[in-house]
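Student: Provided below: my_file.txt, containing compact mmCIF, C-alpha atoms.
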```
# COMPACT_ATOMS: atom_id res chain seq x y z
CA MET A 1 149.28 -40.39 9.64
CA THR A 2 147.17 -37.39 10.58
CA ASP A 3 148.32 -34.65 12.94
CA ASP A 4 145.71 -35.84 15.40
CA ALA A 5 147.03 -39.40 15.30
CA ARG A 6 150.57 -38.20 15.85
CA GLU A 7 149.56 -35.95 18.75
CA ARG A 8 147.16 -38.33 20.43
CA PRO A 9 149.71 -40.46 22.35
CA GLU A 10 151.25 -37.32 23.80
CA ARG A 11 147.86 -35.88 24.63
CA ASP A 12 146.74 -39.11 26.26
CA ALA A 13 149.93 -39.26 28.30
CA GLU A 14 149.29 -35.72 29.50
CA PHE A 15 145.70 -36.55 30.33
CA GLN A 16 146.74 -39.63 32.26
CA ALA A 17 149.38 -37.69 34.16
CA SER A 18 147.40 -34.51 34.84
CA ALA A 19 143.71 -35.46 34.96
CA ILE A 20 143.39 -39.09 36.02
CA PRO A 21 145.25 -38.58 39.34
CA HIS A 22 142.33 -36.38 40.43
CA LEU A 23 139.78 -39.13 39.89
CA ASP A 24 139.48 -39.85 43.61
CA ASP A 25 138.97 -36.17 44.47
CA VAL A 26 136.45 -35.64 41.69
CA HIS A 27 134.55 -38.73 42.79
CA ARG A 28 134.45 -37.53 46.39
CA PHE A 29 133.28 -34.10 45.20
CA ALA A 30 130.58 -35.69 43.04
CA LEU A 31 129.46 -37.85 45.93
CA SER A 32 129.23 -34.81 48.18
CA LEU A 33 127.06 -33.06 45.62
CA THR A 34 124.81 -35.92 44.56
CA ARG A 35 124.77 -37.88 47.85
CA ASP A 36 124.12 -40.90 45.64
CA PRO A 37 126.83 -43.35 44.50
CA ALA A 38 125.22 -44.18 41.15
CA ASN A 39 124.65 -40.55 40.28
CA ALA A 40 128.15 -39.68 41.41
CA ASP A 41 129.61 -42.30 39.08
CA ASP A 42 127.62 -40.82 36.21
CA VAL A 43 128.85 -37.33 37.02
CA VAL A 44 132.46 -38.51 37.22
CA GLN A 45 132.31 -40.37 33.93
CA GLU A 46 130.74 -37.44 32.11
CA THR A 47 133.25 -35.07 33.70
CA PHE A 48 136.27 -36.99 32.48
CA LEU A 49 134.77 -37.58 29.06
CA ARG A 50 134.20 -33.85 28.66
CA ALA A 51 137.66 -33.08 29.94
CA TYR A 52 139.20 -35.58 27.53
CA ARG A 53 137.31 -34.20 24.56
CA SER A 54 138.44 -30.69 25.47
CA TRP A 55 141.92 -31.59 26.64
CA HIS A 56 143.49 -29.70 23.73
CA THR A 57 142.29 -26.52 25.43
CA PHE A 58 143.98 -27.32 28.71
CA GLN A 59 146.94 -25.13 29.52
CA PRO A 60 149.83 -27.16 30.96
CA GLY A 61 150.80 -25.84 34.35
CA THR A 62 147.30 -24.72 35.26
CA ASP A 63 145.20 -26.49 37.86
CA ALA A 64 143.55 -29.51 36.27
CA ARG A 65 141.83 -30.43 39.53
CA LYS A 66 140.07 -27.09 39.68
CA TRP A 67 139.00 -27.43 36.05
CA LEU A 68 137.67 -30.93 36.66
CA PHE A 69 135.74 -29.70 39.69
CA ALA A 70 134.19 -26.95 37.58
CA ILE A 71 133.15 -29.46 34.91
CA ALA A 72 131.79 -31.84 37.55
CA ARG A 73 129.75 -29.10 39.10
CA ASN A 74 128.29 -28.15 35.72
CA VAL A 75 127.48 -31.77 34.95
CA TYR A 76 125.81 -32.07 38.33
CA LEU A 77 123.76 -28.91 37.75
CA ARG A 78 122.50 -30.38 34.49
CA THR A 79 121.23 -33.40 36.36
CA LEU A 80 119.42 -31.04 38.71
CA GLU A 81 117.64 -29.25 35.89
CA LYS A 82 115.27 -32.16 35.65
CA GLU A 83 114.63 -32.06 39.37
CA ARG A 84 114.46 -28.26 39.58
CA ARG A 85 116.24 -28.29 42.91
CA THR A 86 117.88 -24.92 42.47
CA VAL A 87 116.57 -21.82 44.15
CA GLU A 88 116.20 -18.27 43.00
CA LEU A 89 119.09 -16.30 44.40
CA LYS A 90 120.02 -12.70 44.42
CA ASP A 91 123.81 -12.62 44.26
CA GLY A 92 125.11 -10.29 46.89
CA ASP A 93 122.38 -11.30 49.28
CA THR A 94 123.89 -10.31 52.58
CA GLU A 95 121.06 -11.36 54.83
CA ALA A 96 123.13 -14.12 56.37
CA LEU A 97 126.14 -11.91 56.87
CA ASP A 98 124.42 -10.18 59.73
CA ALA A 99 124.20 -13.23 61.92
CA LEU A 100 126.71 -15.97 62.53
CA SER A 101 124.19 -18.61 63.37
CA VAL A 102 120.56 -19.29 63.96
CA VAL A 103 121.34 -20.40 67.47
CA ASP A 104 121.21 -18.04 70.40
CA THR A 105 124.46 -18.96 72.09
CA SER A 106 123.52 -16.93 75.13
CA ASP A 107 120.57 -19.25 75.75
CA ARG A 108 122.33 -21.49 78.22
CA ASP A 109 119.15 -22.98 79.60
CA GLY A 110 117.92 -23.93 76.16
CA GLY A 111 121.12 -25.80 75.59
CA ALA A 112 121.18 -25.10 71.88
CA ASP A 113 124.80 -24.08 72.08
CA ARG A 114 125.70 -27.50 73.38
CA VAL A 115 123.95 -29.39 70.62
CA LEU A 116 127.11 -29.78 68.58
CA SER A 117 129.02 -31.39 71.40
CA ARG A 118 126.16 -33.48 72.76
CA VAL A 119 124.69 -35.01 69.67
CA ASP A 120 126.20 -37.06 66.87
CA LEU A 121 125.21 -34.71 64.10
CA ARG A 122 126.90 -36.52 61.27
CA PRO A 123 123.73 -38.30 60.05
CA ALA A 124 121.74 -35.09 60.40
CA LEU A 125 124.42 -33.10 58.62
CA GLN A 126 124.59 -35.65 55.82
CA GLN A 127 120.85 -35.33 55.37
CA ALA A 128 120.98 -31.55 55.59
CA LEU A 129 123.65 -31.50 52.90
CA THR A 130 121.53 -33.78 50.76
CA ASP A 131 118.60 -31.41 51.09
CA LEU A 132 120.60 -28.22 50.63
CA ALA A 133 119.65 -26.50 47.40
CA GLU A 134 121.97 -25.14 44.76
CA PRO A 135 123.87 -22.91 44.50
CA TYR A 136 124.54 -23.19 48.21
CA LYS A 137 125.46 -26.86 48.20
CA SER A 138 128.30 -26.55 45.70
CA THR A 139 129.75 -23.63 47.62
CA VAL A 140 129.53 -25.32 51.02
CA VAL A 141 130.97 -28.56 49.66
CA LEU A 142 133.90 -26.79 48.01
CA VAL A 143 134.86 -24.70 51.04
CA ASP A 144 133.82 -26.84 53.98
CA LEU A 145 134.41 -30.35 52.66
CA GLU A 146 137.03 -29.82 49.97
CA ASP A 147 138.94 -27.15 51.91
CA GLN A 148 139.03 -24.74 49.00
CA THR A 149 139.72 -21.08 49.72
CA TYR A 150 137.08 -18.53 48.78
CA ASP A 151 139.20 -17.59 45.77
CA GLU A 152 139.58 -21.20 44.63
CA ALA A 153 135.86 -21.83 45.06
CA ALA A 154 135.12 -18.67 43.08
CA GLN A 155 137.24 -19.98 40.21
CA VAL A 156 135.49 -23.33 40.20
CA LEU A 157 132.05 -21.75 40.38
CA GLY A 158 132.87 -18.94 37.99
CA VAL A 159 131.56 -16.24 40.32
CA PRO A 160 133.12 -13.34 42.29
CA ILE A 161 134.47 -13.99 45.77
CA GLY A 162 131.69 -11.87 47.25
CA THR A 163 129.16 -14.24 45.76
CA VAL A 164 130.99 -17.22 47.24
CA ARG A 165 130.93 -15.48 50.60
CA SER A 166 127.20 -14.73 50.55
CA ARG A 167 126.26 -18.18 49.22
CA LEU A 168 128.49 -19.84 51.80
CA PHE A 169 127.00 -17.92 54.68
CA ARG A 170 123.46 -18.49 53.48
CA GLY A 171 124.14 -22.18 52.93
CA ARG A 172 125.62 -22.59 56.38
CA ARG A 173 122.65 -20.82 57.87
CA LEU A 174 120.26 -23.17 56.09
CA LEU A 175 122.23 -26.15 57.39
CA GLN A 176 122.14 -24.77 60.91
CA GLU A 177 118.40 -24.23 60.71
CA GLN A 178 117.93 -27.84 59.71
CA LEU A 179 120.26 -29.04 62.44
CA LEU A 180 118.38 -27.04 65.01
CA ARG A 181 115.09 -28.60 63.89
CA TYR A 182 116.74 -32.00 64.17
CA ALA A 183 118.00 -31.23 67.66
CA GLN A 184 114.60 -29.93 68.73
CA ASP A 185 112.85 -32.99 67.36
CA ALA A 186 115.34 -35.17 69.21
CA GLY A 187 114.78 -33.22 72.40
CA PHE A 188 118.29 -31.80 72.61
CA ALA A 189 117.27 -28.19 72.15
CA ARG A 190 114.34 -26.17 73.29
CA THR A 191 111.72 -25.27 70.73
CA THR A 192 111.32 -21.54 70.42
CA GLY A 193 108.26 -19.50 69.60
CA MET B 1 124.98 -3.86 69.26
CA THR B 2 127.82 -4.02 71.73
CA HIS B 3 128.41 -6.87 74.12
CA SER B 4 131.56 -5.41 75.63
CA ASP B 5 132.12 -1.95 77.01
CA SER B 6 135.86 -2.24 76.78
CA ALA B 7 137.47 0.87 75.38
CA HIS B 8 140.31 -1.26 74.08
CA THR B 9 138.18 -3.24 71.62
CA GLU B 10 138.99 -1.97 68.14
CA ILE B 11 135.90 -3.39 66.47
CA ASP B 12 132.39 -3.71 67.78
CA CYS B 13 130.19 -6.78 67.94
CA GLN B 14 128.46 -6.07 64.66
CA ALA B 15 131.75 -5.80 62.79
CA ALA B 16 133.09 -8.92 64.49
CA THR B 17 129.94 -10.90 63.67
CA LYS B 18 130.04 -9.87 60.03
CA GLN B 19 133.60 -11.11 59.68
CA ILE B 20 133.49 -14.14 61.92
CA TRP B 21 133.07 -16.69 59.11
CA ASP B 22 135.95 -15.10 57.23
CA PHE B 23 137.91 -15.31 60.48
CA LEU B 24 137.09 -18.98 60.99
CA ASP B 25 137.84 -19.71 57.33
CA HIS B 26 141.26 -18.02 57.55
CA GLU B 27 140.29 -15.52 54.89
CA LEU B 28 141.27 -12.35 56.75
CA THR B 29 144.47 -10.35 56.77
CA PRO B 30 146.68 -10.71 59.85
CA GLU B 31 145.58 -7.25 60.98
CA ARG B 32 141.89 -8.18 60.83
CA VAL B 33 142.57 -11.50 62.54
CA ALA B 34 144.28 -9.65 65.37
CA ALA B 35 141.35 -7.24 65.67
CA ILE B 36 138.81 -10.06 65.79
CA ARG B 37 140.87 -11.99 68.33
CA ALA B 38 141.17 -8.91 70.50
CA HIS B 39 137.41 -8.46 70.39
CA LEU B 40 136.72 -12.13 71.17
CA ASP B 41 139.09 -11.96 74.12
CA GLU B 42 136.99 -9.20 75.62
CA CYS B 43 133.48 -10.16 74.55
CA ALA B 44 132.05 -13.40 75.94
CA PRO B 45 128.90 -13.48 73.75
CA CYS B 46 130.90 -13.02 70.55
CA PHE B 47 133.40 -15.59 71.77
CA ALA B 48 130.54 -18.05 72.34
CA SER B 49 129.23 -17.36 68.86
CA SER B 50 132.64 -17.94 67.33
CA GLU B 51 133.02 -21.20 69.24
CA TRP B 52 129.64 -22.33 67.94
CA GLY B 53 130.80 -21.50 64.43
CA ARG B 54 134.07 -23.33 64.96
CA GLU B 55 132.27 -26.45 66.24
CA PHE B 56 129.77 -26.27 63.41
CA LEU B 57 132.55 -26.15 60.81
CA ALA B 58 134.35 -29.02 62.51
CA ALA B 59 131.16 -31.09 62.45
CA LEU B 60 130.64 -30.21 58.80
CA GLY B 61 134.23 -31.08 57.97
CA SER B 62 133.78 -34.47 59.63
CA CYS B 63 131.34 -35.33 56.85
CA ARG B 64 134.27 -35.41 54.47
CA GLU B 65 135.49 -38.88 53.78
CA GLY B 66 139.22 -39.17 54.36
CA ASN B 67 141.51 -41.10 51.99
CA HIS B 68 138.66 -41.50 49.58
CA ARG B 69 139.17 -43.85 46.64
CA ALA B 70 136.98 -44.06 43.59
CA PRO B 71 135.58 -47.60 43.31
CA PRO B 72 137.37 -50.02 40.95
CA GLU B 73 134.16 -50.52 38.99
CA LEU B 74 134.07 -46.82 38.20
CA ARG B 75 137.72 -46.82 37.12
CA GLN B 76 137.06 -49.69 34.75
CA ARG B 77 133.88 -48.11 33.44
CA LEU B 78 135.64 -44.79 32.90
CA ALA B 79 138.58 -46.46 31.18
CA ASP B 80 136.19 -48.24 28.81
CA ALA B 81 134.31 -45.03 28.07
CA LEU B 82 137.50 -43.07 27.43
CA ARG B 83 138.93 -45.79 25.21
CA ALA B 84 135.75 -45.65 23.17
CA GLU B 85 136.77 -42.03 22.55
CA GLY B 86 140.23 -43.14 21.43
CA TYR B 87 142.07 -42.75 24.72
CA CYS B 88 145.00 -45.13 24.97
CA GLY B 89 145.94 -44.56 28.61
CA GLY B 90 144.69 -46.00 31.85
CA CYS B 91 142.53 -44.85 34.75
CA GLY B 92 144.25 -46.69 37.55
CA GLU B 93 141.76 -49.48 37.12
CA THR B 94 144.35 -52.17 37.74
CA ALA B 95 145.96 -53.22 40.99
CA THR B 96 148.97 -51.04 40.15
CA ALA B 97 146.86 -47.94 40.70
CA ASP B 98 147.99 -47.75 44.31
```
Could you show the structure in this file as structure tokens?
Tutor:
Amino acid sequence: MTDDARERPERDAEFQASAIPHLDDVHRFALSLTRDPANADDVVQETFLRAYRSWHTFQPGTDARKWLFAIARNVYLRTLEKERRTVELKDGDTEALDALSVVDTSDRDGGADRVLSRVDLRPALQQALTDLAEPYKSTVVLVDLEDQTYDEAAQVLGVPIGTVRSRLFRGRRLLQEQLLRYAQDAGFARTTG
Amino acid sequence: MTHSDSAHTEIDCQAATKQIWDFLDHELTPERVAAIRAHLDECAPCFASSEWGREFLAALGSCREGNHRAPPELRQRLADALRAEGYCGGCGETATAD
């Protein structure tokens, strides 16, 4: 019996105990990124296959969920390469840091500040998330949908916290811009300009 | 830019605005949280902006599916794919996965 054959049952038991329990979370994450059930299934399968093949590198006691998220995100980005849906980004872009939102909350007559409470934005937000380009989407999904801290998101994305911060703020701004267009089209907010 | 003239506000509107997402994301130190809160208490425009941000994040968070479960078909498909790699465990693809 080879060393690999002797070690495999133990390795498989570890994989089943440490990786498989995160299948639901990884699937939800993949769905949030792809917005497409079939594509999400493909991402999940490839993620776990890669994790299994590299399981010998996994350090017991470290966060398998975070590692799986990182793999899933990389698998997802590969699928995007064909579609070229990423955008050029200068890390450290602080444009969005200077403004919380695209909405003038002092514009009471325009009613833009009431959009969130007056309109069911879930369909619009779902669409805005679908349309959101990388690398903003991964960052927004990790922090705003998966409740990861900036530090945790930085580990998954493999970037400094400052980059997470700037991508997150830019991504949120892009979402808000799309929501505002939606609200204006629906007649819930005044068109400016 | 200053919305409030209060001499008691420790940070101005620009500083508050730059940190408001960190504030809403609970990424600030207790001291910075206290400073932002003090500013928001005294500055209605910044308070309105922070409330917009809070509502926006809540709306965004509502897009998350609670108690999500990967579909059984995916579990079975994944189990088959892993077993083709030599994996001898399961993926919760049976009814006992609950």
Student: Please report, as CSV, each residue of chain B lying at most 10 Å from chain A, together with the nearest pair of atoms and the separation in Å rounded to one decimal; use all atoms listed in the file, and order rows by chain and ascending residue number.
Tutor:
```
residue,atom,partner,partner_atom,distance
B:Gln14,CA,A:Asp98,CA,7.6
B:Ala15,CA,A:Asp98,CA,9.1
B:Ala16,CA,A:Leu100,CA,9.7
B:Thr17,CA,A:Leu100,CA,6.1
B:Lys18,CA,A:Leu97,CA,5.4
B:Gln19,CA,A:Leu97,CA,8.0
B:Ile20,CA,A:Leu100,CA,7.0
B:Trp21,CA,A:Leu100,CA,7.3
B:Asp22,CA,A:Arg165,CA,8.3
B:Asp25,CA,A:Thr149,CA,8.0
B:His26,CA,A:Thr149,CA,8.5
B:Glu27,CA,A:Tyr150,CA,7.5
B:Ala44,CA,A:Ser106,CA,9.3
B:Pro45,CA,A:Ser106,CA,6.5
B:Cys46,CA,A:Thr105,CA,8.9
B:Phe47,CA,A:Thr105,CA,9.6
B:Ala48,CA,A:Thr105,CA,6.2
B:Ser49,CA,A:Thr105,CA,6.0
B:Ser50,CA,A:Leu100,CA,7.9
B:Glu51,CA,A:Asp113,CA,9.2
B:Trp52,CA,A:Asp113,CA,6.6
B:Gly53,CA,A:Leu100,CA,7.1
B:Glu55,CA,A:Leu116,CA,6.6
B:Phe56,CA,A:Leu116,CA,6.8
B:Leu57,CA,A:Asp144,CA,7.0
B:Ala58,CA,A:Asp144,CA,8.8
B:Ala59,CA,A:Arg122,CA,7.0
B:Leu60,CA,A:Asp144,CA,6.7
B:Gly61,CA,A:Leu145,CA,5.4
B:Ser62,CA,A:Arg122,CA,7.4
B:Cys63,CA,A:Arg122,CA,6.4
B:Arg64,CA,A:Leu145,CA,5.4
B:Glu65,CA,A:Arg28,CA,7.6
B:Gly66,CA,A:Arg28,CA,9.4
B:Asn67,CA,A:Asp24,CA,8.7
B:His68,CA,A:Asp24,CA,6.2
B:Arg69,CA,A:Asp24,CA,5.0
B:Ala70,CA,A:Asp24,CA,4.9
B:Pro71,CA,A:Asp24,CA,8.7
B:Glu73,CA,A:Asp41,CA,9.4
B:Leu74,CA,A:Asp41,CA,6.4
B:Arg75,CA,A:Leu23,CA,8.4
B:Arg77,CA,A:Gln45,CA,7.9
B:Leu78,CA,A:Gln45,CA,5.6
B:Ala79,CA,A:Gln45,CA,9.2
B:Ala81,CA,A:Leu49,CA,7.5
B:Leu82,CA,A:Leu49,CA,6.3
B:Arg83,CA,A:Leu49,CA,10.0
B:Glu85,CA,A:Arg53,CA,8.1
B:Gly86,CA,A:Arg8,CA,8.5
B:Tyr87,CA,A:Asp12,CA,6.1
B:Cys88,CA,A:Asp12,CA,6.4
B:Gly89,CA,A:Asp12,CA,6.0
B:Gly90,CA,A:Gln16,CA,6.7
B:Cys91,CA,A:Ile20,CA,6.0
B:Gly92,CA,A:Ile20,CA,7.8
B:Ala97,CA,A:Pro21,CA,9.6
```
Student: Can I get the selected residues back with C-alpha atoms, as a PDB file, keeping the file's coordinate frame?
Tutor:
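Saved as out.pdb:
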```
ATOM      1  CA  GLN B  14     128.460  -6.070  64.660  1.00  0.00           C
ATOM      2  CA  ALA B  15     131.750  -5.800  62.790  1.00  0.00           C
ATOM      3  CA  ALA B  16     133.090  -8.920  64.490  1.00  0.00           C
ATOM      4  CA  THR B  17     129.940 -10.900  63.670  1.00  0.00           C
ATOM      5  CA  LYS B  18     130.040  -9.870  60.030  1.00  0.00           C
ATOM      6  CA  GLN B  19     133.600 -11.110  59.680  1.00  0.00           C
ATOM      7  CA  ILE B  20     133.490 -14.140  61.920  1.00  0.00           C
ATOM      8  CA  TRP B  21     133.070 -16.690  59.110  1.00  0.00           C
ATOM      9  CA  ASP B  22     135.950 -15.100  57.230  1.00  0.00           C
ATOM     10  CA  ASP B  25     137.840 -19.710  57.330  1.00  0.00           C
ATOM     11  CA  HIS B  26     141.260 -18.020  57.550  1.00  0.00           C
ATOM     12  CA  GLU B  27     140.290 -15.520  54.890  1.00  0.00           C
ATOM     13  CA  ALA B  44     132.050 -13.400  75.940  1.00  0.00           C
ATOM     14  CA  PRO B  45     128.900 -13.480  73.750  1.00  0.00           C
ATOM     15  CA  CYS B  46     130.900 -13.020  70.550  1.00  0.00           C
ATOM     16  CA  PHE B  47     133.400 -15.590  71.770  1.00  0.00           C
ATOM     17  CA  ALA B  48     130.540 -18.050  72.340  1.00  0.00           C
ATOM     18  CA  SER B  49     129.230 -17.360  68.860  1.00  0.00           C
ATOM     19  CA  SER B  50     132.640 -17.940  67.330  1.00  0.00           C
ATOM     20  CA  GLU B  51     133.020 -21.200  69.240  1.00  0.00           C
ATOM     21  CA  TRP B  52     129.640 -22.330  67.940  1.00  0.00           C
ATOM     22  CA  GLY B  53     130.800 -21.500  64.430  1.00  0.00           C
ATOM     23  CA  GLU B  55     132.270 -26.450  66.240  1.00  0.00           C
ATOM     24  CA  PHE B  56     129.770 -26.270  63.410  1.00  0.00           C
ATOM     25  CA  LEU B  57     132.550 -26.150  60.810  1.00  0.00           C
ATOM     26  CA  ALA B  58     134.350 -29.020  62.510  1.00  0.00           C
ATOM     27  CA  ALA B  59     131.160 -31.090  62.450  1.00  0.00           C
ATOM     28  CA  LEU B  60     130.640 -30.210  58.800  1.00  0.00           C
ATOM     29  CA  GLY B  61     134.230 -31.080  57.970  1.00  0.00           C
ATOM     30  CA  SER B  62     133.780 -34.470  59.630  1.00  0.00           C
ATOM     31  CA  CYS B  63     131.340 -35.330  56.850  1.00  0.00           C
ATOM     32  CA  ARG B  64     134.270 -35.410  54.470  1.00  0.00           C
ATOM     33  CA  GLU B  65     135.490 -38.880  53.780  1.00  0.00           C
ATOM     34  CA  GLY B  66     139.220 -39.170  54.360  1.00  0.00           C
ATOM     35  CA  ASN B  67     141.510 -41.100  51.990  1.00  0.00           C
ATOM     36  CA  HIS B  68     138.660 -41.500  49.580  1.00  0.00           C
ATOM     37  CA  ARG B  69     139.170 -43.850  46.640  1.00  0.00           C
ATOM     38  CA  ALA B  70     136.980 -44.060  43.590  1.00  0.00           C
ATOM     39  CA  PRO B  71     135.580 -47.600  43.310  1.00  0.00           C
ATOM     40  CA  GLU B  73     134.160 -50.520  38.990  1.00  0.00           C
ATOM     41  CA  LEU B  74     134.070 -46.820  38.200  1.00  0.00           C
ATOM     42  CA  ARG B  75     137.720 -46.820  37.120  1.00  0.00           C
ATOM     43  CA  ARG B  77     133.880 -48.110  33.440  1.00  0.00           C
ATOM     44  CA  LEU B  78     135.640 -44.790  32.900  1.00  0.00           C
ATOM     45  CA  ALA B  79     138.580 -46.460  31.180  1.00  0.00           C
ATOM     46  CA  ALA B  81     134.310 -45.030  28.070  1.00  0.00           C
ATOM     47  CA  LEU B  82     137.500 -43.070  27.430  1.00  0.00           C
ATOM     48  CA  ARG B  83     138.930 -45.790  25.210  1.00  0.00           C
ATOM     49  CA  GLU B  85     136.770 -42.030  22.550  1.00  0.00           C
ATOM     50  CA  GLY B  86     140.230 -43.140  21.430  1.00  0.00           C
ATOM     51  CA  TYR B  87     142.070 -42.750  24.720  1.00  0.00           C
ATOM     52  CA  CYS B  88     145.000 -45.130  24.970  1.00  0.00           C
ATOM     53  CA  GLY B  89     145.940 -44.560  28.610  1.00  0.00           C
ATOM     54  CA  GLY B  90     144.690 -46.000  31.850  1.00  0.00           C
ATOM     55  CA  CYS B  91     142.530 -44.850  34.750  1.00  0.00           C
ATOM     56  CA  GLY B  92     144.250 -46.690  37.550  1.00  0.00           C
ATOM     57  CA  ALA B  97     146.860 -47.940  40.700  1.00  0.00           C
TER      58      ALA B  97
END
```
Student: Quick check, in Å to one decimal: how far apart do atom CA of A:Phe58 and atom CA of A:Val164 lie?
Tutor: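 Taking atom CA of A:Phe58 as the start and atom CA of A:Val164 as the end point, the length is 24.8 Å.
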Student: Between atom CA of A:Gly171 and atom CA of A:Ala30, what is the spacing in Å?
Tutor: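 Interatomic distance, atom CA of A:Ala30 to atom CA of A:Gly171: 17.9 Å.
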Student: What gap, in Å, lies between atom CA of A:Arg170 and atom CA of A:Asn39?
Tutor: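 Taking atom CA of A:Arg170 and atom CA of A:Asn39, their separation equals 25.7 Å.
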Student: Given 8 Å of margin on each side, can you work out the centre and size in Å (one decimal) of an axis-aligned box holding every listed atom of stretch 55-64 of chain B, as JSON?
Tutor:
```
{"center_x": 132.1, "center_y": -30.8, "center_z": 60.4, "size_x": 20.6, "size_y": 25.3, "size_z": 27.8}
```
Student: Neighbouring residues of A:Val159 were defined as those with any atom within 12 Å, considering only C-alpha atoms; residues of the same chain fewer than 5 positions away were excluded. Please report them as a PyMOL selection string.
Tutor: chain A and resi 70+91-92+135+139+150-154+164-167
Student: If you keep C-alpha atoms, can you output stretch 4-53 of chain B as a short mmCIF file (atom, residue, chain, number, x, y, z; two decimals), in the first residue's frame?
Tutor:
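Saved the output as selection.cif:
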```
data_model
loop_
_atom_site.label_atom_id
_atom_site.label_comp_id
_atom_site.auth_asym_id
_atom_site.auth_seq_id
_atom_site.Cartn_x
_atom_site.Cartn_y
_atom_site.Cartn_z
CA SER B 4 -22.86 72.29 11.98
CA ASP B 5 -21.37 75.27 13.73
CA SER B 6 -21.21 73.50 17.05
CA ALA B 7 -17.94 74.07 18.84
CA HIS B 8 -18.39 70.73 20.56
CA THR B 9 -18.15 68.66 17.38
CA GLU B 10 -14.75 66.97 17.38
CA ILE B 11 -14.74 66.13 13.68
CA ASP B 12 -16.07 68.10 10.76
CA CYS B 13 -18.46 66.98 8.05
CA GLN B 14 -15.74 66.02 5.62
CA ALA B 15 -14.05 63.76 8.16
CA ALA B 16 -17.39 62.25 9.17
CA THR B 17 -18.37 61.60 5.55
CA LYS B 18 -15.06 59.93 4.78
CA GLN B 19 -15.51 57.52 7.66
CA ILE B 20 -19.24 56.96 7.52
CA TRP B 21 -19.07 53.63 5.69
CA ASP B 22 -16.47 52.38 8.15
CA PHE B 23 -18.81 53.58 10.89
CA LEU B 24 -21.81 51.77 9.42
CA ASP B 25 -19.70 48.65 8.82
CA HIS B 26 -18.49 48.61 12.45
CA GLU B 27 -14.89 48.96 11.34
CA LEU B 28 -13.92 51.89 13.56
CA THR B 29 -12.35 52.01 16.99
CA PRO B 30 -14.67 52.90 19.88
CA GLU B 31 -13.08 56.35 20.03
CA ARG B 32 -13.83 57.05 16.36
CA VAL B 33 -17.34 55.66 16.72
CA ALA B 34 -17.94 58.05 19.59
CA ALA B 35 -16.61 60.97 17.55
CA ILE B 36 -18.82 60.13 14.58
CA ARG B 37 -21.87 59.68 16.79
CA ALA B 38 -21.21 63.01 18.46
CA HIS B 39 -21.01 64.67 15.06
CA LEU B 40 -24.18 62.99 13.80
CA ASP B 41 -26.03 64.08 16.92
CA GLU B 42 -25.24 67.69 16.09
CA CYS B 43 -25.35 67.70 12.30
CA ALA B 44 -28.70 66.96 10.63
CA PRO B 45 -27.36 66.72 7.05
CA CYS B 46 -24.68 64.21 8.02
CA PHE B 47 -27.22 62.32 10.09
CA ALA B 48 -29.51 62.14 7.05
CA SER B 49 -26.63 60.87 4.95
CA SER B 50 -25.78 58.20 7.49
CA GLU B 51 -29.41 57.10 7.64
CA TRP B 52 -29.47 56.81 3.87
CA GLY B 53 -26.34 54.68 4.07
#
```
